[in-house]
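Beneath this line is the structure, given in structure tokens, with notes to follow.
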Amino acid sequence: MTFSVKKIFIVFLLLGFTGTLMKAQISAPGLGDANTAFWSAFGVKRQLDSLGKKQALSYIAIGRKSSPDNDNPFSKQAILVLNHEVSHSFAPHQQYSYAISYRRQPKYESEAPYDKENTEQEFRIYGRYSYTFELGKKFKLKNTVRQEFRKFFDAGFHQVEEDFQLRTRIKSQLTYSLSPKNNQKLAISAEALFSISHLNEPYAQWESFGYREMRITAYYMFNIPHSPFTVDVGYMDDLIRGSRSIHHGGVHYVAADLIWNIPYKKHH
């Protein structure tokens, strides 16, 4: 466990010292402990100004995951996400974003047959700042710091064991332009997540701030010819500290997203 985390941090640091302003990519969320998982989103990205510096991305997405006793990534419903984010490239190489998100996640029993136990709802607001380095003509490196506030409820909007969480995410993404034809790109990234939670149970208290997980991703992105659509197809390895899955190399995700790009239209 310690060795694998050290290796991941080395990868993370190498990325930090060596993506692009990802115009469309929607990153998969953590779906908890599992063997495999599937994530798919449909997004609408609108340009908000004629210069292309402001944009809004709204998406709906679902995630599914395996049971602990199988490797079928479609086995169980894992999450429903509604997300709306506004971003502004306010200076050369620099961007900030802010967003609001709703998530609905079934929770399953830890013993076979792993039946659904309850449903957890999450409301999230987050902001992030990114700086992009141009490394020659083909490579871009985007480093991002993201701060989140996450509030949790059960299906009936009653309080749950975890009241709310403050989470900090640090990500480096290296993007390579494969071909100008259909704007094909490859991107690899490493993201470290740190958090502190306020608990309702067994009594109101703060747990300690600390490192929680590392997410490694690889994505291939392209525009569908003669259409306003962009496709992202990718893989993510989610390494959750102290989890069962980390002893088997983490939770292995397959992800596929479709984004509809709407250009700026001047209103008269």
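Following the order of the structure tokens, chains are lettered A, B, ..., residues in each are numbered from 1, and ligands are numbered from 1.
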Neighbour list for A:Gly127 as a PyMOL selection string, cut-off 6 Å, only C-alpha atoms, skip fewer than 5 positions in-chain: chain A and resi 97-98+146-147
Test item: residues at most 12 Å from A:Asp115, only C-alpha atoms, excluding those fewer than 6 positions along its chain, as a PyMOL selection string: chain A and resi 67-68+75-77+106-109
Write out as a PDB file with C-alpha atoms, in the first residue's frame each polymer residue whose atoms come within 10 Å of A:Lys266, counting only C-alpha atoms; drop sequence neighbours fewer than 5 positions from it.
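Written out: around_25.pdb:
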ATOM      1  CA  LEU A  48     -20.684  32.558 -23.614  1.00  0.00           C
ATOM      2  CA  ASP A  49     -18.684  35.245 -25.419  1.00  0.00           C
ATOM      3  CA  SER A  50     -17.381  35.991 -28.913  1.00  0.00           C
TER       4      SER A  50
END
For stretch 209-223 of chain A: contacts at 8 Å, only C-alpha atoms, fewer than 3 positions along chain excluded, given as a PyMOL selection string: chain A and resi 8+182-197+227-241
Straight-line distance linking atom CA of A:Val160 with atom CA of A:Ser66, stated in Å to one decimal: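 Separation between atom CA of A:Val160 and atom CA of A:Ser66: 24.4 Å.
Atom pair atom CA of A:Glu201 / atom CA of A:Ala37: separated by 29.4 Å.
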d(atom CA of A:Ile62, atom CA of A:Ala255) in Å: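 Pair atom CA of A:Ile62 / atom CA of A:Ala255 returns 10.4 Å.
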Best match for closeness to A:Leu178 among A:Ile79, A:Pro263, A:Phe139, A:Pro202, counting only C-alpha atoms: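 Between A:Ile79, A:Pro263, A:Phe139, A:Pro202, the residue approaching A:Leu178 most closely is A:Phe139.
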Exercise: A:Asn35 partners within 12 Å, only C-alpha atoms, chain neighbours under 3 positions left out, as a ChimeraX atom specification: /A:31-32,38,64-76,237-240,243-254
Residue nearest A:Phe153 among A:Tyr126, A:Gly242, A:Arg104, A:Glu111 (counting only C-alpha atoms):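 Of A:Tyr126, A:Gly242, A:Arg104, A:Glu111, the one nearest A:Phe153 is A:Arg104, counting only C-alpha atoms.
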Shell around A:Tyr203 at 12 Å using only C-alpha atoms, local window under 3 positions removed, as a list in words: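 Surrounding residues, per the criterion: Val160, Glu161, Glu162, Asp163, His198, Leu199, Asn200, Trp206 and Glu207 of chain A.
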Top pick for closest residue to A:Lys151, considering A:Glu122, A:Glu85, A:Glu117, A:Asp33 and counting only C-alpha atoms: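 Comparing A:Glu122, A:Glu85, A:Glu117, A:Asp33 against A:Lys151, the winner is A:Glu122.
Distance check against A:Ala91 using only C-alpha atoms: of A:Ile224, A:Phe123, A:Tyr131, A:Thr36, the minimum falls on A:Tyr131.
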Tell me which protein, DNA and RNA residues are within 12 Å of A:Tyr96, counting only C-alpha atoms, leaving out same-chain ones fewer than 3 positions away, and put them as a PDB file with all heavy atoms, in the first residue's frame.
ATOM      1  N   LEU A  21      -5.884  23.147 -21.751  1.00  0.00           N
ATOM      2  CA  LEU A  21      -7.191  23.608 -21.311  1.00  0.00           C
ATOM      3  C   LEU A  21      -8.188  22.665 -21.968  1.00  0.00           C
ATOM      4  O   LEU A  21      -8.570  22.831 -23.102  1.00  0.00           O
ATOM      5  CB  LEU A  21      -7.411  25.024 -21.826  1.00  0.00           C
ATOM      6  CG  LEU A  21      -8.556  25.807 -21.210  1.00  0.00           C
ATOM      7  CD1 LEU A  21      -8.230  26.170 -19.787  1.00  0.00           C
ATOM      8  CD2 LEU A  21      -8.843  27.039 -22.028  1.00  0.00           C
ATOM      9  N   LYS A  53     -13.565  32.955 -24.442  1.00  0.00           N
ATOM     10  CA  LYS A  53     -12.896  32.893 -23.138  1.00  0.00           C
ATOM     11  C   LYS A  53     -13.824  32.418 -22.018  1.00  0.00           C
ATOM     12  O   LYS A  53     -13.368  31.974 -20.967  1.00  0.00           O
ATOM     13  CB  LYS A  53     -12.319  34.272 -22.771  1.00  0.00           C
ATOM     14  CG  LYS A  53     -11.164  34.691 -23.673  1.00  0.00           C
ATOM     15  CD  LYS A  53     -10.580  36.024 -23.236  1.00  0.00           C
ATOM     16  CE  LYS A  53      -9.427  36.443 -24.142  1.00  0.00           C
ATOM     17  NZ  LYS A  53      -8.284  35.519 -24.070  1.00  0.00           N
ATOM     18  N   LYS A  54     -15.126  32.552 -22.241  1.00  0.00           N
ATOM     19  CA  LYS A  54     -16.095  32.121 -21.224  1.00  0.00           C
ATOM     20  C   LYS A  54     -16.962  31.007 -21.803  1.00  0.00           C
ATOM     21  O   LYS A  54     -17.418  31.103 -22.942  1.00  0.00           O
ATOM     22  CB  LYS A  54     -16.978  33.295 -20.795  1.00  0.00           C
ATOM     23  CG  LYS A  54     -16.229  34.416 -20.108  1.00  0.00           C
ATOM     24  CD  LYS A  54     -17.171  35.554 -19.734  1.00  0.00           C
ATOM     25  CE  LYS A  54     -16.415  36.708 -19.084  1.00  0.00           C
ATOM     26  NZ  LYS A  54     -17.326  37.838 -18.758  1.00  0.00           N
ATOM     27  N   GLN A  55     -17.183  29.984 -21.005  1.00  0.00           N
ATOM     28  CA  GLN A  55     -18.024  28.885 -21.469  1.00  0.00           C
ATOM     29  C   GLN A  55     -18.744  28.237 -20.295  1.00  0.00           C
ATOM     30  O   GLN A  55     -18.322  28.353 -19.139  1.00  0.00           O
ATOM     31  CB  GLN A  55     -17.198  27.843 -22.223  1.00  0.00           C
ATOM     32  CG  GLN A  55     -16.076  27.224 -21.424  1.00  0.00           C
ATOM     33  CD  GLN A  55     -15.193  26.354 -22.300  1.00  0.00           C
ATOM     34  OE1 GLN A  55     -14.911  26.675 -23.445  1.00  0.00           O
ATOM     35  NE2 GLN A  55     -14.732  25.239 -21.753  1.00  0.00           N
ATOM     36  N   ALA A  56     -19.843  27.574 -20.606  1.00  0.00           N
ATOM     37  CA  ALA A  56     -20.627  26.846 -19.612  1.00  0.00           C
ATOM     38  C   ALA A  56     -20.766  25.405 -20.079  1.00  0.00           C
ATOM     39  O   ALA A  56     -21.028  25.151 -21.252  1.00  0.00           O
ATOM     40  CB  ALA A  56     -22.004  27.477 -19.429  1.00  0.00           C
ATOM     41  N   GLU A  85     -21.246  23.911 -14.756  1.00  0.00           N
ATOM     42  CA  GLU A  85     -19.981  24.593 -14.474  1.00  0.00           C
ATOM     43  C   GLU A  85     -19.776  25.744 -15.452  1.00  0.00           C
ATOM     44  O   GLU A  85     -20.058  25.617 -16.643  1.00  0.00           O
ATOM     45  CB  GLU A  85     -18.820  23.604 -14.590  1.00  0.00           C
ATOM     46  CG  GLU A  85     -17.452  24.227 -14.390  1.00  0.00           C
ATOM     47  CD  GLU A  85     -16.341  23.192 -14.405  1.00  0.00           C
ATOM     48  OE1 GLU A  85     -16.529  22.089 -13.834  1.00  0.00           O
ATOM     49  OE2 GLU A  85     -15.286  23.472 -14.996  1.00  0.00           O
ATOM     50  N   VAL A  86     -19.287  26.863 -14.943  1.00  0.00           N
ATOM     51  CA  VAL A  86     -18.936  28.022 -15.755  1.00  0.00           C
ATOM     52  C   VAL A  86     -17.442  28.258 -15.606  1.00  0.00           C
ATOM     53  O   VAL A  86     -16.912  28.252 -14.492  1.00  0.00           O
ATOM     54  CB  VAL A  86     -19.723  29.271 -15.318  1.00  0.00           C
ATOM     55  CG1 VAL A  86     -19.264  30.505 -16.106  1.00  0.00           C
ATOM     56  CG2 VAL A  86     -21.217  29.056 -15.493  1.00  0.00           C
ATOM     57  N   SER A  87     -16.747  28.446 -16.723  1.00  0.00           N
ATOM     58  CA  SER A  87     -15.304  28.685 -16.666  1.00  0.00           C
ATOM     59  C   SER A  87     -14.942  29.938 -17.452  1.00  0.00           C
ATOM     60  O   SER A  87     -15.627  30.328 -18.400  1.00  0.00           O
ATOM     61  CB  SER A  87     -14.533  27.476 -17.204  1.00  0.00           C
ATOM     62  OG  SER A  87     -14.931  27.178 -18.518  1.00  0.00           O
ATOM     63  N   HIS A  88     -13.842  30.564 -17.026  1.00  0.00           N
ATOM     64  CA  HIS A  88     -13.409  31.826 -17.629  1.00  0.00           C
ATOM     65  C   HIS A  88     -11.892  31.790 -17.784  1.00  0.00           C
ATOM     66  O   HIS A  88     -11.164  31.682 -16.787  1.00  0.00           O
ATOM     67  CB  HIS A  88     -13.821  33.001 -16.736  1.00  0.00           C
ATOM     68  CG  HIS A  88     -13.443  34.341 -17.297  1.00  0.00           C
ATOM     69  ND1 HIS A  88     -13.342  35.466 -16.513  1.00  0.00           N
ATOM     70  CD2 HIS A  88     -13.136  34.734 -18.566  1.00  0.00           C
ATOM     71  CE1 HIS A  88     -12.980  36.494 -17.282  1.00  0.00           C
ATOM     72  NE2 HIS A  88     -12.855  36.074 -18.527  1.00  0.00           N
ATOM     73  N   SER A  89     -11.412  31.866 -19.013  1.00  0.00           N
ATOM     74  CA  SER A  89      -9.974  31.989 -19.280  1.00  0.00           C
ATOM     75  C   SER A  89      -9.636  33.478 -19.200  1.00  0.00           C
ATOM     76  O   SER A  89      -9.698  34.195 -20.188  1.00  0.00           O
ATOM     77  CB  SER A  89      -9.640  31.421 -20.657  1.00  0.00           C
ATOM     78  OG  SER A  89     -10.011  30.061 -20.728  1.00  0.00           O
ATOM     79  N   PHE A  90      -9.292  33.909 -17.985  1.00  0.00           N
ATOM     80  CA  PHE A  90      -9.221  35.348 -17.705  1.00  0.00           C
ATOM     81  C   PHE A  90      -7.868  35.958 -18.060  1.00  0.00           C
ATOM     82  O   PHE A  90      -7.718  37.185 -18.094  1.00  0.00           O
ATOM     83  CB  PHE A  90      -9.532  35.604 -16.229  1.00  0.00           C
ATOM     84  CG  PHE A  90      -8.538  35.002 -15.275  1.00  0.00           C
ATOM     85  CD1 PHE A  90      -7.484  35.753 -14.787  1.00  0.00           C
ATOM     86  CD2 PHE A  90      -8.660  33.681 -14.860  1.00  0.00           C
ATOM     87  CE1 PHE A  90      -6.565  35.203 -13.912  1.00  0.00           C
ATOM     88  CE2 PHE A  90      -7.757  33.124 -13.986  1.00  0.00           C
ATOM     89  CZ  PHE A  90      -6.695  33.886 -13.512  1.00  0.00           C
ATOM     90  N   ALA A  91      -6.851  35.129 -18.290  1.00  0.00           N
ATOM     91  CA  ALA A  91      -5.520  35.614 -18.647  1.00  0.00           C
ATOM     92  C   ALA A  91      -4.825  34.523 -19.455  1.00  0.00           C
ATOM     93  O   ALA A  91      -5.257  33.372 -19.432  1.00  0.00           O
ATOM     94  CB  ALA A  91      -4.714  35.944 -17.378  1.00  0.00           C
ATOM     95  N   PRO A  92      -3.744  34.863 -20.170  1.00  0.00           N
ATOM     96  CA  PRO A  92      -3.040  33.813 -20.911  1.00  0.00           C
ATOM     97  C   PRO A  92      -2.659  32.647 -19.997  1.00  0.00           C
ATOM     98  O   PRO A  92      -2.093  32.862 -18.917  1.00  0.00           O
ATOM     99  CB  PRO A  92      -1.798  34.536 -21.437  1.00  0.00           C
ATOM    100  CG  PRO A  92      -2.205  35.962 -21.543  1.00  0.00           C
ATOM    101  CD  PRO A  92      -3.146  36.199 -20.390  1.00  0.00           C
ATOM    102  N   HIS A  93      -3.016  31.456 -20.390  1.00  0.00           N
ATOM    103  CA  HIS A  93      -2.689  30.205 -19.680  1.00  0.00           C
ATOM    104  C   HIS A  93      -3.448  30.013 -18.375  1.00  0.00           C
ATOM    105  O   HIS A  93      -3.241  29.005 -17.691  1.00  0.00           O
ATOM    106  CB  HIS A  93      -1.183  30.104 -19.389  1.00  0.00           C
ATOM    107  CG  HIS A  93      -0.314  30.394 -20.565  1.00  0.00           C
ATOM    108  ND1 HIS A  93      -0.297  29.584 -21.678  1.00  0.00           N
ATOM    109  CD2 HIS A  93       0.555  31.414 -20.816  1.00  0.00           C
ATOM    110  CE1 HIS A  93       0.556  30.091 -22.562  1.00  0.00           C
ATOM    111  NE2 HIS A  93       1.070  31.204 -22.070  1.00  0.00           N
ATOM    112  N   ALA A  99     -18.831  25.843  -9.969  1.00  0.00           N
ATOM    113  CA  ALA A  99     -19.847  24.876 -10.372  1.00  0.00           C
ATOM    114  C   ALA A  99     -20.744  24.491  -9.215  1.00  0.00           C
ATOM    115  O   ALA A  99     -20.388  24.634  -8.038  1.00  0.00           O
ATOM    116  CB  ALA A  99     -19.187  23.621 -10.948  1.00  0.00           C
ATOM    117  N   TYR A 126     -18.142  23.797  -6.058  1.00  0.00           N
ATOM    118  CA  TYR A 126     -16.682  23.786  -6.121  1.00  0.00           C
ATOM    119  C   TYR A 126     -16.171  24.906  -7.005  1.00  0.00           C
ATOM    120  O   TYR A 126     -16.876  25.440  -7.855  1.00  0.00           O
ATOM    121  CB  TYR A 126     -16.141  22.427  -6.587  1.00  0.00           C
ATOM    122  CG  TYR A 126     -16.505  21.995  -7.997  1.00  0.00           C
ATOM    123  CD1 TYR A 126     -15.761  22.421  -9.097  1.00  0.00           C
ATOM    124  CD2 TYR A 126     -17.574  21.131  -8.223  1.00  0.00           C
ATOM    125  CE1 TYR A 126     -16.078  21.998 -10.380  1.00  0.00           C
ATOM    126  CE2 TYR A 126     -17.896  20.701  -9.504  1.00  0.00           C
ATOM    127  CZ  TYR A 126     -17.148  21.145 -10.583  1.00  0.00           C
ATOM    128  OH  TYR A 126     -17.465  20.724 -11.856  1.00  0.00           O
ATOM    129  N   GLY A 127     -14.933  25.250  -6.762  1.00  0.00           N
ATOM    130  CA  GLY A 127     -14.238  26.223  -7.592  1.00  0.00           C
ATOM    131  C   GLY A 127     -12.851  25.692  -7.891  1.00  0.00           C
ATOM    132  O   GLY A 127     -12.295  24.907  -7.129  1.00  0.00           O
ATOM    133  N   ARG A 128     -12.295  26.100  -9.038  1.00  0.00           N
ATOM    134  CA  ARG A 128     -10.939  25.643  -9.329  1.00  0.00           C
ATOM    135  C   ARG A 128     -10.165  26.683 -10.120  1.00  0.00           C
ATOM    136  O   ARG A 128     -10.743  27.537 -10.803  1.00  0.00           O
ATOM    137  CB  ARG A 128     -10.964  24.304 -10.058  1.00  0.00           C
ATOM    138  CG  ARG A 128     -11.633  24.280 -11.396  1.00  0.00           C
ATOM    139  CD  ARG A 128     -11.539  22.873 -11.967  1.00  0.00           C
ATOM    140  NE  ARG A 128     -12.475  22.678 -13.065  1.00  0.00           N
ATOM    141  CZ  ARG A 128     -12.888  21.483 -13.467  1.00  0.00           C
ATOM    142  NH1 ARG A 128     -12.480  20.401 -12.847  1.00  0.00           N
ATOM    143  NH2 ARG A 128     -13.732  21.374 -14.468  1.00  0.00           N
ATOM    144  N   TYR A 129      -8.865  26.579  -9.997  1.00  0.00           N
ATOM    145  CA  TYR A 129      -7.941  27.454 -10.708  1.00  0.00           C
ATOM    146  C   TYR A 129      -6.958  26.575 -11.468  1.00  0.00           C
ATOM    147  O   TYR A 129      -6.440  25.588 -10.925  1.00  0.00           O
ATOM    148  CB  TYR A 129      -7.188  28.363  -9.730  1.00  0.00           C
ATOM    149  CG  TYR A 129      -6.002  29.052 -10.368  1.00  0.00           C
ATOM    150  CD1 TYR A 129      -6.173  30.172 -11.167  1.00  0.00           C
ATOM    151  CD2 TYR A 129      -4.714  28.549 -10.176  1.00  0.00           C
ATOM    152  CE1 TYR A 129      -5.089  30.789 -11.772  1.00  0.00           C
ATOM    153  CE2 TYR A 129      -3.621  29.154 -10.773  1.00  0.00           C
ATOM    154  CZ  TYR A 129      -3.812  30.278 -11.569  1.00  0.00           C
ATOM    155  OH  TYR A 129      -2.733  30.883 -12.171  1.00  0.00           O
ATOM    156  N   SER A 130      -6.707  26.921 -12.738  1.00  0.00           N
ATOM    157  CA  SER A 130      -5.806  26.132 -13.573  1.00  0.00           C
ATOM    158  C   SER A 130      -4.775  27.025 -14.245  1.00  0.00           C
ATOM    159  O   SER A 130      -5.069  28.157 -14.638  1.00  0.00           O
ATOM    160  CB  SER A 130      -6.588  25.388 -14.662  1.00  0.00           C
ATOM    161  OG  SER A 130      -7.584  24.570 -14.107  1.00  0.00           O
ATOM    162  N   TYR A 131      -3.578  26.461 -14.376  1.00  0.00           N
ATOM    163  CA  TYR A 131      -2.527  27.137 -15.148  1.00  0.00           C
ATOM    164  C   TYR A 131      -1.996  26.143 -16.179  1.00  0.00           C
ATOM    165  O   TYR A 131      -1.652  25.003 -15.827  1.00  0.00           O
ATOM    166  CB  TYR A 131      -1.386  27.616 -14.250  1.00  0.00           C
ATOM    167  CG  TYR A 131      -0.434  28.561 -14.969  1.00  0.00           C
ATOM    168  CD1 TYR A 131      -0.584  29.934 -14.833  1.00  0.00           C
ATOM    169  CD2 TYR A 131       0.578  28.086 -15.791  1.00  0.00           C
ATOM    170  CE1 TYR A 131       0.254  30.817 -15.507  1.00  0.00           C
ATOM    171  CE2 TYR A 131       1.422  28.949 -16.480  1.00  0.00           C
ATOM    172  CZ  TYR A 131       1.258  30.315 -16.332  1.00  0.00           C
ATOM    173  OH  TYR A 131       2.082  31.179 -17.011  1.00  0.00           O
ATOM    174  N   THR A 132      -1.940  26.560 -17.439  1.00  0.00           N
ATOM    175  CA  THR A 132      -1.524  25.671 -18.523  1.00  0.00           C
ATOM    176  C   THR A 132      -0.175  26.093 -19.091  1.00  0.00           C
ATOM    177  O   THR A 132       0.026  27.265 -19.419  1.00  0.00           O
ATOM    178  CB  THR A 132      -2.578  25.672 -19.650  1.00  0.00           C
ATOM    179  OG1 THR A 132      -3.839  25.280 -19.110  1.00  0.00           O
ATOM    180  CG2 THR A 132      -2.189  24.691 -20.752  1.00  0.00           C
ATOM    181  N   ASN A 143      -2.135  22.284 -14.802  1.00  0.00           N
ATOM    182  CA  ASN A 143      -2.125  22.009 -13.361  1.00  0.00           C
ATOM    183  C   ASN A 143      -3.306  22.715 -12.718  1.00  0.00           C
ATOM    184  O   ASN A 143      -3.531  23.904 -12.956  1.00  0.00           O
ATOM    185  CB  ASN A 143      -0.816  22.487 -12.727  1.00  0.00           C
ATOM    186  CG  ASN A 143       0.370  21.666 -13.186  1.00  0.00           C
ATOM    187  OD1 ASN A 143       0.289  20.446 -13.274  1.00  0.00           O
ATOM    188  ND2 ASN A 143       1.471  22.324 -13.508  1.00  0.00           N
ATOM    189  N   THR A 144      -4.060  21.979 -11.921  1.00  0.00           N
ATOM    190  CA  THR A 144      -5.325  22.487 -11.373  1.00  0.00           C
ATOM    191  C   THR A 144      -5.420  22.241  -9.882  1.00  0.00           C
ATOM    192  O   THR A 144      -5.097  21.152  -9.400  1.00  0.00           O
ATOM    193  CB  THR A 144      -6.515  21.792 -12.072  1.00  0.00           C
ATOM    194  OG1 THR A 144      -6.440  22.000 -13.478  1.00  0.00           O
ATOM    195  CG2 THR A 144      -7.847  22.325 -11.552  1.00  0.00           C
ATOM    196  N   VAL A 145      -5.891  23.253  -9.172  1.00  0.00           N
ATOM    197  CA  VAL A 145      -6.271  23.101  -7.764  1.00  0.00           C
ATOM    198  C   VAL A 145      -7.775  23.311  -7.682  1.00  0.00           C
ATOM    199  O   VAL A 145      -8.302  24.304  -8.210  1.00  0.00           O
ATOM    200  CB  VAL A 145      -5.546  24.126  -6.863  1.00  0.00           C
ATOM    201  CG1 VAL A 145      -6.015  23.980  -5.420  1.00  0.00           C
ATOM    202  CG2 VAL A 145      -4.043  23.934  -6.945  1.00  0.00           C
ATOM    203  N   ARG A 146      -8.459  22.370  -7.044  1.00  0.00           N
ATOM    204  CA  ARG A 146      -9.918  22.425  -6.959  1.00  0.00           C
ATOM    205  C   ARG A 146     -10.346  22.278  -5.507  1.00  0.00           C
ATOM    206  O   ARG A 146      -9.888  21.379  -4.802  1.00  0.00           O
ATOM    207  CB  ARG A 146     -10.500  21.300  -7.809  1.00  0.00           C
ATOM    208  CG  ARG A 146     -11.992  21.044  -7.628  1.00  0.00           C
ATOM    209  CD  ARG A 146     -12.476  20.172  -8.763  1.00  0.00           C
ATOM    210  NE  ARG A 146     -13.696  19.436  -8.454  1.00  0.00           N
ATOM    211  CZ  ARG A 146     -14.416  18.769  -9.344  1.00  0.00           C
ATOM    212  NH1 ARG A 146     -14.029  18.749 -10.607  1.00  0.00           N
ATOM    213  NH2 ARG A 146     -15.507  18.106  -9.004  1.00  0.00           N
ATOM    214  N   GLN A 147     -11.215  23.172  -5.055  1.00  0.00           N
ATOM    215  CA  GLN A 147     -11.727  23.124  -3.676  1.00  0.00           C
ATOM    216  C   GLN A 147     -13.229  22.842  -3.715  1.00  0.00           C
ATOM    217  O   GLN A 147     -13.964  23.519  -4.438  1.00  0.00           O
ATOM    218  CB  GLN A 147     -11.454  24.431  -2.945  1.00  0.00           C
ATOM    219  CG  GLN A 147     -11.879  24.422  -1.487  1.00  0.00           C
ATOM    220  CD  GLN A 147     -11.135  23.363  -0.666  1.00  0.00           C
ATOM    221  OE1 GLN A 147      -9.925  23.253  -0.765  1.00  0.00           O
ATOM    222  NE2 GLN A 147     -11.859  22.583   0.121  1.00  0.00           N
TER     223      GLN A 147
END
In stretch 31-227 of chain A, DSSP strand (DSSP E) residues written as JSON, numbers by chain: {"A": [36, 37, 38, 39, 40, 41, 42, 43, 44, 45, 46, 47, 54, 55, 56, 57, 58, 59, 60, 61, 62, 63, 64, 65, 76, 77, 78, 79, 80, 81, 82, 83, 84, 85, 86, 87, 88, 89, 90, 91, 94, 95, 96, 97, 98, 99, 100, 101, 102, 103, 104, 105, 106, 107, 108, 116, 117, 118, 119, 120, 121, 122, 123, 124, 125, 126, 127, 128, 129, 130, 131, 132, 133, 134, 135, 139, 140, 141, 142, 143, 144, 145, 146, 147, 148, 149, 150, 151, 152, 153, 154, 162, 163, 164, 165, 166, 167, 168, 169, 170, 171, 172, 173, 174, 175, 176, 177, 178, 179, 184, 185, 186, 187, 188, 189, 190, 191, 192, 193, 194, 195, 196, 197, 198, 199, 205, 206, 210, 211, 212, 213, 214, 215, 216, 217, 218, 219, 220, 221, 222, 223]}
Given only C-alpha atoms as the counted atoms, nearest of A:Leu141, A:Leu57, A:Ile259, A:Ile100 to A:Thr175: A:Leu141
